[in-house]
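K.L.:
Pasting a structure below so you can have a look.
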Amino acid sequence: MAHLSSRRRLALAVPVVLSLTASLGFLPSAASAAPLAATGAPTAQTADGPALAYVVNTGTDRHTITTVRRAIEAAGGTIVVTYGKIGVFVVHSSNPDFAKTLRTVRGVQSAGATRTAPLTAAGTTDEGAAQYLTKSEAARITSASASAGESEPLEADQWDLRAIGADKAAQINPGSRDVTVAVIDTGVDDTHPDLAPNFSASQSASCVGGKADTSYGAWRPASPDHYHGTHVAGEIAAARNGLGVAGVAPGVKVAGIRVADPVNELFYPESVVCAFVFAADHGVAVTNNSYYVDPWLYNCMDDPDQRAIVDAVNRAQLYAQHKGTLNVASAGNSNDDLDSHSLVDDSSPDDSTAVTRTVDPHECFDVPTQLPGVVTVSATGVKGAKSYYSSYGDGVVDVAAPGGDKYQIPDTPSTNGRILSTMPGGGYGFLQGTSMASPHVAGVAALLKSKHPWATPAQLQWLLKAQADNPGCPTDPYDGNGDGVVDATCVGGDHVNGFYGFGIVNALRAVK
């Protein structure tokens with residue numbers, strides 16, 4: 001199974017984010033100003049290539065939508081779904097010149113393929129294989145939890161809750177039932193006894209392929225091995241019901257929006273577009289995004305296909321923000337300094353033959369982490385230090401949260417430095433990664449939304465930062481894995497720095 005990853009995820013400082021917004025196709029490009037063919041649409045071409053998926057991004061007025069729809073059909077495209085409010089078409093076509101043809105149509109601002117070949121890789125941001133909790137380990141943890149007076153049998157092993165005050169916060173305000181966090185991921189097993197009490201089926205769906213499927217159970221993982229989304233959901237909102245573990249916000253609702261391909265778990269751009277729009281239209285307060293959009297690690301704006309991917313996903317996530325949804329995303333597991341102007345990408349495209357290239361992350365964007373308004377999260381271990389794998393960068397990371405670290409050993413029954421949470425089929429397991437840090441932030445954001453129901457996404461992000469605890473840059477050289485080699489350099493001060501952004505989020509302050 002190949003759904004684990006240590007690939008890089010990047011974010012931008014504010015000035016660069018603003019420039020990104022201006023460059024995503026909201027202004028007409030030279031290609032979009034080209035005239036239509038004499039018949040009012042491109043001439044239909046022979047479908048002699050492989051069937052691929054495309055996104056076509058346009059203006060949102062009725063005339064443009066109608067004109068482009070005709071052009072898509074004339075060029076040999078089959079429309080899967082039209083998101084008219086954001087001007088995004090999801091299209092299938094076997095015409096190898098489909099995107100090139102559509103880019104000449106008046107009203108089209110960008111168009112491109114969302115893949116390069118049949119997909120075989122995967123895109124979540126957990127680090128290393130899952131460790132399932134054994135019966136003997138569970139018994140030992142349950143005994144320790146009972147001795148400590150914990151409300152949940154496995155809570156003695158949840159050092160991450162105590163690290164951000166979530167255990168004490170739950171005694172004051174566990175979160176509102178009016179607040180829902182949507183897990184955009186591999187699917188959520190809502191039958192898990194720790195998730196069932198808080199699961200919102202009416203706000204859940206499968207967006208695989210770009211069109212929402214709300215049939216019962218469509219949101220569930222395609223296989224028990226696709227455990228990532230279920231683990232994330234438990235970190236956010238596992239109920240305090242005397243069973244298993246507890247989430248950061250055990251009183252809020254959690255929804256599942258499955259975007260991962262059922263075979264290889266890849267996160268297609270059109271599926272993510274669907275997920276953001278669905279979440280926004282169904283009253284979701286917070287989305288958690290512990291993934292990157294395939295097939296490009298960095299989407300470079302000088303490539304028309306990659307530009308179209310950035311454009312489409314950004315339109316969707318901005319639509320969600322405008323509807324009141326805060327989007328939270330993981331920062332990546334490559335221990336990269338994201339405040340760099342030169343990074344090596346040797347894994348793109350991940351659906352065919354990767355080509356090593358050097359990219360400038362100010363011009364080539366990781367999606368959705370690098371998009372404007374998205375909260376970018378780095379990971380910490382039990383000691384409060386940056387996790388050995390977590391990417392970082394001054395002016396890049398917004399906040400930090402527990403994501404686990406096998407080298408930072410907790411004083412817990414299992415002495416496991418990873419994060420314990422729910423797994424499909426009613427089980428529990430340990431994972432580590434910025435994938436695990438992001439849901440802690442999403443949970444704290446849900447607590448903030450519960451206390452401040454009228455807060456906008458921007459205000460919630462400000463509160464996350466204002467209430468965070470920043471340990472400051474370490475005084476000694478950073479050696480995350482203890483091999484005697486300096487692994488990273490922290491830049492910044494005690495208030496804001498490259499390792500922690502504004503600091504480690506604080507659940508207790510959120511409810512107070």
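Letters A, B, ... mark the chains of the structure tokens in the order given; residue numbers begin at 1 per chain; ligand numbers begin at 1, in order shown.
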Env of stretch 490-496 of chain A: 10 Å cut, atoms = only C-alpha atoms, seq-sep filter 2 positions within chain, self excluded. Answer as a ChimeraX atom specification.
P.N.:
/A:337,339,386,392-395,397-399,465-466,468-475,477-478,488,498-503
K.L.:
List the spatial neighbours of A:Val254 as a PyMOL selection string - criterion: any atom at most 6 Å away, only C-alpha atoms, same-chain residues fewer than 2 positions off excluded.
P.N.:
chain A and resi 180-182+199-200
K.L.:
Counting only C-alpha atoms, which of A:Ala507, A:Ala279, A:Val485, A:Met301 gets nearest to A:Asp366?
P.N.:
A:Met301
K.L.:
If I take atom CA of A:Arg315 and atom CA of A:Arg106, how far is one from the other in Å, to one decimal?
P.N.:
19.2 Å
K.L.:
Tell me which protein, DNA and RNA residues are within 12 Å of A:Arg115, counting only C-alpha atoms, leaving out same-chain ones fewer than 2 positions away, and put them as a VMD selection string.
P.N.:
chain A and resid 50 to 55 92 112 to 113 117 to 121 266 to 270 293 to 296 299 305 to 306 308 to 309 348 to 353
K.L.:
Please provide the set of residues having any atom within 12 Å of A:Ser342, restricted to only C-alpha atoms, with same-chain residues fewer than 2 positions apart removed, written as a ChimeraX atom specification.
P.N.:
/A:10,298,336-340,344-345,357-364
K.L.:
Which stretch 66-180 of chain A residues have any atom within 7 Å of an atom of stretch 227-242 of chain A, and for each, what is the nearest pair of atoms with distance in Å to one decimal, counting only C-alpha atoms, rows sorted by chain and number, as CSV?
P.N.:
```
residue,atom,partner,partner_atom,distance
A:Ser151,CA,A:Gly242,CA,6.1
A:Glu152,CA,A:Gly242,CA,4.9
A:Pro153,CA,A:Gly242,CA,6.6
```
K.L.:
Go ahead and compute the interatomic distance for atom CA of A:Asn198 and atom CA of A:Gly251, in Å to one decimal.
P.N.:
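Answer for the atom CA of A:Asn198 to atom CA of A:Gly251 separation: 7.3 Å.
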K.L.:
What does the distance from atom CA of A:Val374 to atom CA of A:Ala442 come to in Å, to one decimal?
P.N.:
11.5 Å
K.L.:
Looking only at alpha helix (DSSP H) from DSSP on the backbone, list the matching residues of stretch 195-386 of chain A as a short mmCIF file (atom, residue, chain, number, x, y, z; two decimals) with N, CA and C atoms, in the first residue's frame.
P.N.:
```cif
data_model
loop_
_atom_site.label_atom_id
_atom_site.label_comp_id
_atom_site.auth_asym_id
_atom_site.auth_seq_id
_atom_site.Cartn_x
_atom_site.Cartn_y
_atom_site.Cartn_z
N HIS A 228 -6.66 6.84 6.96
CA HIS A 228 -6.18 8.19 7.26
C HIS A 228 -7.30 9.12 7.72
N GLY A 229 -8.40 9.18 6.97
CA GLY A 229 -9.48 10.10 7.31
C GLY A 229 -10.17 9.76 8.62
N THR A 230 -10.30 8.47 8.93
CA THR A 230 -10.93 8.06 10.18
C THR A 230 -10.06 8.45 11.37
N HIS A 231 -8.76 8.31 11.23
CA HIS A 231 -7.83 8.72 12.28
C HIS A 231 -7.92 10.22 12.53
N VAL A 232 -7.94 10.98 11.46
CA VAL A 232 -8.05 12.44 11.56
C VAL A 232 -9.36 12.84 12.24
N ALA A 233 -10.46 12.20 11.85
CA ALA A 233 -11.76 12.53 12.42
C ALA A 233 -11.80 12.32 13.92
N GLY A 234 -11.17 11.24 14.39
CA GLY A 234 -11.13 10.98 15.82
C GLY A 234 -10.34 12.01 16.59
N GLU A 235 -9.26 12.48 16.00
CA GLU A 235 -8.48 13.54 16.66
C GLU A 235 -9.31 14.79 16.87
N ILE A 236 -10.20 15.07 15.94
CA ILE A 236 -11.01 16.27 16.02
C ILE A 236 -12.17 16.11 16.98
N ALA A 237 -12.95 15.04 16.84
CA ALA A 237 -14.25 15.01 17.51
C ALA A 237 -14.66 13.64 18.03
N PRO A 269 -7.53 16.99 -8.30
CA PRO A 269 -7.97 18.38 -8.13
C PRO A 269 -9.48 18.55 -8.21
N GLU A 270 -10.12 17.87 -9.19
CA GLU A 270 -11.57 18.05 -9.33
C GLU A 270 -12.32 17.53 -8.11
N SER A 271 -11.80 16.51 -7.44
CA SER A 271 -12.44 16.00 -6.24
C SER A 271 -12.33 17.00 -5.09
N VAL A 272 -11.19 17.66 -4.99
CA VAL A 272 -10.99 18.65 -3.95
C VAL A 272 -11.85 19.89 -4.20
N VAL A 273 -11.98 20.29 -5.46
CA VAL A 273 -12.88 21.40 -5.80
C VAL A 273 -14.29 21.09 -5.31
N CYS A 274 -14.76 19.91 -5.64
CA CYS A 274 -16.08 19.46 -5.21
C CYS A 274 -16.22 19.52 -3.70
N ALA A 275 -15.19 19.08 -2.97
CA ALA A 275 -15.25 19.01 -1.52
C ALA A 275 -15.39 20.38 -0.89
N PHE A 276 -14.61 21.35 -1.35
CA PHE A 276 -14.69 22.69 -0.79
C PHE A 276 -16.07 23.31 -1.05
N VAL A 277 -16.57 23.13 -2.25
CA VAL A 277 -17.88 23.69 -2.58
C VAL A 277 -18.98 23.01 -1.77
N PHE A 278 -18.90 21.68 -1.66
CA PHE A 278 -19.90 20.94 -0.89
C PHE A 278 -19.89 21.38 0.57
N ALA A 279 -18.70 21.50 1.16
CA ALA A 279 -18.60 21.92 2.55
C ALA A 279 -19.22 23.30 2.75
N ALA A 280 -18.90 24.21 1.85
CA ALA A 280 -19.42 25.57 1.96
C ALA A 280 -20.93 25.61 1.86
N ASP A 281 -21.48 24.84 0.93
CA ASP A 281 -22.92 24.86 0.70
C ASP A 281 -23.71 24.07 1.74
N PRO A 304 0.47 25.75 -18.24
CA PRO A 304 -0.97 25.97 -18.33
C PRO A 304 -1.82 24.94 -17.60
N ASP A 305 -1.40 23.68 -17.60
CA ASP A 305 -2.16 22.67 -16.87
C ASP A 305 -2.08 22.91 -15.37
N GLN A 306 -0.87 23.15 -14.87
CA GLN A 306 -0.70 23.36 -13.43
C GLN A 306 -1.37 24.65 -12.98
N ARG A 307 -1.31 25.67 -13.82
CA ARG A 307 -1.98 26.93 -13.50
C ARG A 307 -3.49 26.70 -13.35
N ALA A 308 -4.06 25.88 -14.22
CA ALA A 308 -5.50 25.62 -14.15
C ALA A 308 -5.87 24.89 -12.86
N ILE A 309 -5.01 24.01 -12.39
CA ILE A 309 -5.26 23.30 -11.13
C ILE A 309 -5.28 24.29 -9.97
N VAL A 310 -4.28 25.15 -9.90
CA VAL A 310 -4.22 26.15 -8.83
C VAL A 310 -5.46 27.04 -8.88
N ASP A 311 -5.80 27.47 -10.08
CA ASP A 311 -6.94 28.36 -10.27
C ASP A 311 -8.23 27.71 -9.77
N ALA A 312 -8.48 26.48 -10.19
CA ALA A 312 -9.74 25.81 -9.84
C ALA A 312 -9.86 25.55 -8.35
N VAL A 313 -8.81 25.01 -7.73
CA VAL A 313 -8.88 24.71 -6.31
C VAL A 313 -8.96 25.99 -5.50
N ASN A 314 -8.25 27.02 -5.93
CA ASN A 314 -8.29 28.28 -5.19
C ASN A 314 -9.68 28.92 -5.26
N ARG A 315 -10.32 28.86 -6.42
CA ARG A 315 -11.67 29.39 -6.52
C ARG A 315 -12.60 28.69 -5.53
N ALA A 316 -12.44 27.38 -5.42
CA ALA A 316 -13.31 26.60 -4.54
C ALA A 316 -13.06 26.90 -3.07
N GLN A 317 -11.78 26.99 -2.68
CA GLN A 317 -11.51 27.23 -1.27
C GLN A 317 -11.83 28.67 -0.89
N LEU A 318 -11.66 29.62 -1.81
CA LEU A 318 -12.07 30.99 -1.53
C LEU A 318 -13.58 31.09 -1.41
N TYR A 319 -14.29 30.34 -2.23
CA TYR A 319 -15.75 30.29 -2.13
C TYR A 319 -16.15 29.81 -0.74
N ALA A 320 -15.46 28.78 -0.24
CA ALA A 320 -15.75 28.28 1.10
C ALA A 320 -15.49 29.35 2.16
N GLN A 321 -14.36 30.05 2.03
CA GLN A 321 -14.06 31.12 2.97
C GLN A 321 -15.14 32.19 2.95
N HIS A 322 -15.57 32.57 1.77
CA HIS A 322 -16.58 33.62 1.64
C HIS A 322 -17.92 33.18 2.22
#
```
K.L.:
Might you pull out every residue within 9 Å of A:Ala446, with only C-alpha atoms counted and same-chain residues fewer than 5 positions away left off, and present them as JSON, numbers by chain?
P.N.:
{"A": [175, 176, 179, 180, 181, 236, 249, 252, 285, 286, 441, 451]}
K.L.:
Need the shell around A:Val375: protein/DNA/RNA residues with any atom at most 7 Å away, counting only C-alpha atoms. Skip same-chain ones fewer than 3 positions apart. Format as an MDAnalysis selection string?
P.N.:
chainID A and resid 327:329 398
K.L.:
Print the selection's residues with N, CA, C and O atoms to a file, as a PDB file, in the first residue's frame.
P.N.:
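Below you can see again03.pdb, which holds the result:
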```pdb
ATOM      1  N   ASN A 327     -10.450  27.023   6.422  1.00  0.00           N
ATOM      2  CA  ASN A 327      -9.745  25.870   5.869  1.00  0.00           C
ATOM      3  C   ASN A 327      -8.374  25.731   6.528  1.00  0.00           C
ATOM      4  O   ASN A 327      -7.582  26.669   6.529  1.00  0.00           O
ATOM      5  N   VAL A 328      -8.120  24.551   7.096  1.00  0.00           N
ATOM      6  CA  VAL A 328      -6.875  24.264   7.813  1.00  0.00           C
ATOM      7  C   VAL A 328      -6.142  23.155   7.076  1.00  0.00           C
ATOM      8  O   VAL A 328      -6.760  22.176   6.646  1.00  0.00           O
ATOM      9  N   ALA A 329      -4.804  23.286   6.931  1.00  0.00           N
ATOM     10  CA  ALA A 329      -4.046  22.304   6.146  1.00  0.00           C
ATOM     11  C   ALA A 329      -2.693  22.019   6.779  1.00  0.00           C
ATOM     12  O   ALA A 329      -2.109  22.851   7.478  1.00  0.00           O
ATOM     13  N   ASP A 398       1.724  29.126   9.976  1.00  0.00           N
ATOM     14  CA  ASP A 398       0.836  29.986  10.774  1.00  0.00           C
ATOM     15  C   ASP A 398       0.850  29.595  12.246  1.00  0.00           C
ATOM     16  O   ASP A 398       1.047  30.436  13.118  1.00  0.00           O
TER      17      ASP A 398
END
```
K.L.:
Can you tell me, as a ChimeraX atom specification, which residues in stretch 145-277 of chain A count as strand (DSSP E) by DSSP?
P.N.:
/A:180-185,205-206,253-258
K.L.:
Can you pull out the residues contacting A:Ser391? Cut-off 6 Å, using only C-alpha atoms, and skip same-chain residues under 5 positions away; I want them as a list in words.
P.N.:
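What passes the distance filter is Gly332, Asn333, Ser334, Asn335 and Asp336 of chain A.
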K.L.:
For the residues in that selection, give me N, CA, C and O atoms as a PDB file, in the first residue's frame.
P.N.:
```
ATOM      1  N   GLY A 332       3.505  19.628   5.787  1.00  0.00           N
ATOM      2  CA  GLY A 332       4.378  18.706   5.069  1.00  0.00           C
ATOM      3  C   GLY A 332       5.434  18.080   5.948  1.00  0.00           C
ATOM      4  O   GLY A 332       5.773  18.586   7.011  1.00  0.00           O
ATOM      5  N   ASN A 333       5.994  16.975   5.468  1.00  0.00           N
ATOM      6  CA  ASN A 333       6.831  16.117   6.299  1.00  0.00           C
ATOM      7  C   ASN A 333       8.263  15.959   5.811  1.00  0.00           C
ATOM      8  O   ASN A 333       8.907  14.962   6.112  1.00  0.00           O
ATOM      9  N   SER A 334       8.767  16.902   5.043  1.00  0.00           N
ATOM     10  CA  SER A 334      10.115  16.755   4.480  1.00  0.00           C
ATOM     11  C   SER A 334      11.189  17.537   5.225  1.00  0.00           C
ATOM     12  O   SER A 334      12.315  17.621   4.776  1.00  0.00           O
ATOM     13  N   ASN A 335      10.819  18.122   6.384  1.00  0.00           N
ATOM     14  CA  ASN A 335      11.773  18.938   7.144  1.00  0.00           C
ATOM     15  C   ASN A 335      12.406  20.008   6.260  1.00  0.00           C
ATOM     16  O   ASN A 335      13.594  20.301   6.350  1.00  0.00           O
ATOM     17  N   ASP A 336      11.589  20.585   5.392  1.00  0.00           N
ATOM     18  CA  ASP A 336      12.068  21.621   4.488  1.00  0.00           C
ATOM     19  C   ASP A 336      11.904  23.008   5.098  1.00  0.00           C
ATOM     20  O   ASP A 336      10.916  23.269   5.796  1.00  0.00           O
TER      21      ASP A 336
END
```
K.L.:
Using only C-alpha atoms, which residue out of A:Arg70, A:Lys211, A:Arg177, A:Arg162 lies closest to A:Tyr83?
P.N.:
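Among A:Arg70, A:Lys211, A:Arg177, A:Arg162, it is A:Lys211 that comes nearest to A:Tyr83.
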K.L.:
Identify which of the residues A:Thr434, A:Thr380, A:Gln459, A:Asn264 lies closest to A:Asp160, counting only C-alpha atoms when measuring atom-to-atom distances.
P.N.:
A:Thr380
K.L.:
Which residue, A:His282, A:His63, A:Arg418, A:Arg220, has the smallest gap to A:Arg258 when you use only C-alpha atoms?
P.N.:
A:Arg220
K.L.:
Counting only C-alpha atoms, figure out which residue out of A:Arg69, A:His341, A:Lys383, A:Lys85 gets nearest to A:Trp159.
P.N.:
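Between A:Arg69, A:His341, A:Lys383, A:Lys85, the residue approaching A:Trp159 most closely is A:Lys383.
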